[in-house]
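Chemist: There's a structure below that I have some questions on.
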Amino acid sequence: MTTFAVMETNGQNCDAIERAESIESKYHVNHLDSGLPRWLVEVSFVCYLLQAAFNWGPLMHWMEGHASWAMAVVQTFGPLVMYYGLMRGMKQLYRPMTVAWWIVIALNIAGFVPLLFPSLIMVLGLPVAVSLMLIYLPFGCAIAYNYRGRLRQVGIWMALYILISSIIPVVSFLLIGPESGLANLPMEIPTIAVIIIYGWAQRRVLI
């Protein structure tokens, strides 16, 4: 093989490697440039930690009776900031899914009202909860299917978050009843843990 042929072959190999790396970078996403300051993302993650704490039965009942507004703000502010950051960051990707993000943001804003006024949960809570499941589950699966890396983890945990948060409380009520505290702790641990992990997955891709 001549020197020219070797050089040409090496050039073709380099081009193939560059194309492969370009395709991989298109799907493998570990970081999104949201443009949000780091302190805001960190505050949002703290809101997820507080939301997880509020999910413990006795504390939840106390917050609903004495500080429902604080619980509503915490449970709405954290996700809204994270979702807005993810939406902005994904605009640079080949499938930004902006419409789906706006739907998720709108539903979380709609969910603020029944959180703020527990008396409205029976009227607005169920429609909002069902709507969130209908969008979170396929949206999370779509993110996990289309991307790799840390962004894929966000999609996986989005789907798990809505499944665990929606199904386990119902199972808990059917098996244990309206009791809270130690009797219900085994059922509450997964719902608390999934909130923390979901918030952490979002934080990792935005920091």
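By order of appearance in the structure tokens: chains A, B, ..., then residues from 1 within every chain, and ligands from 1 in the order shown.
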Leu49 (chain A): which residues within 8 Å, counting only C-alpha atoms, same-chain residues fewer than 5 positions away excluded, as a PDB file with C-alpha atoms, in the first residue's frame?

Modeler:
ATOM      1  CA  ILE A 195     -38.620  12.847  45.329  1.00  0.00           C
ATOM      2  CA  ILE A 196     -35.036  13.273  46.525  1.00  0.00           C
ATOM      3  CA  GLY A 199     -34.581  16.313  42.314  1.00  0.00           C
TER       4      GLY A 199
END

Chemist: Counting only C-alpha atoms, figure out which residue out of A:Val130, A:Ile135, A:Val74, A:Val81 gets nearest to Ile103 (chain A).

Modeler: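 For Ile103 (chain A), the nearest of the candidates is A:Ile135.
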
Chemist: What does the distance between CA of Arg148 (chain A) and CA of Tyr198 (chain A) come to in Å, to one decimal place?

Modeler: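 Interatomic distance, CA of Arg148 (chain A) to CA of Tyr198 (chain A): 16.3 Å.
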
Chemist: With a distance cut-off of 10 Å and only C-alpha atoms, select the neighbouring residues of Ile189 (chain A), excluding the residue or stretch itself and same-chain residues fewer than 6 positions from it, and output the selection as a list in words.

Modeler: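 In the requested format, the answer is Ala52, Asn55 and Trp56 of chain A.
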
Chemist: Taking only C-alpha atoms into account, which of A:Ile192, A:Met82, A:Met71, A:Leu160 comes nearest Val43 (chain A)?

Modeler: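 That would be A:Met82, the residue with the smallest distance to Val43 (chain A).
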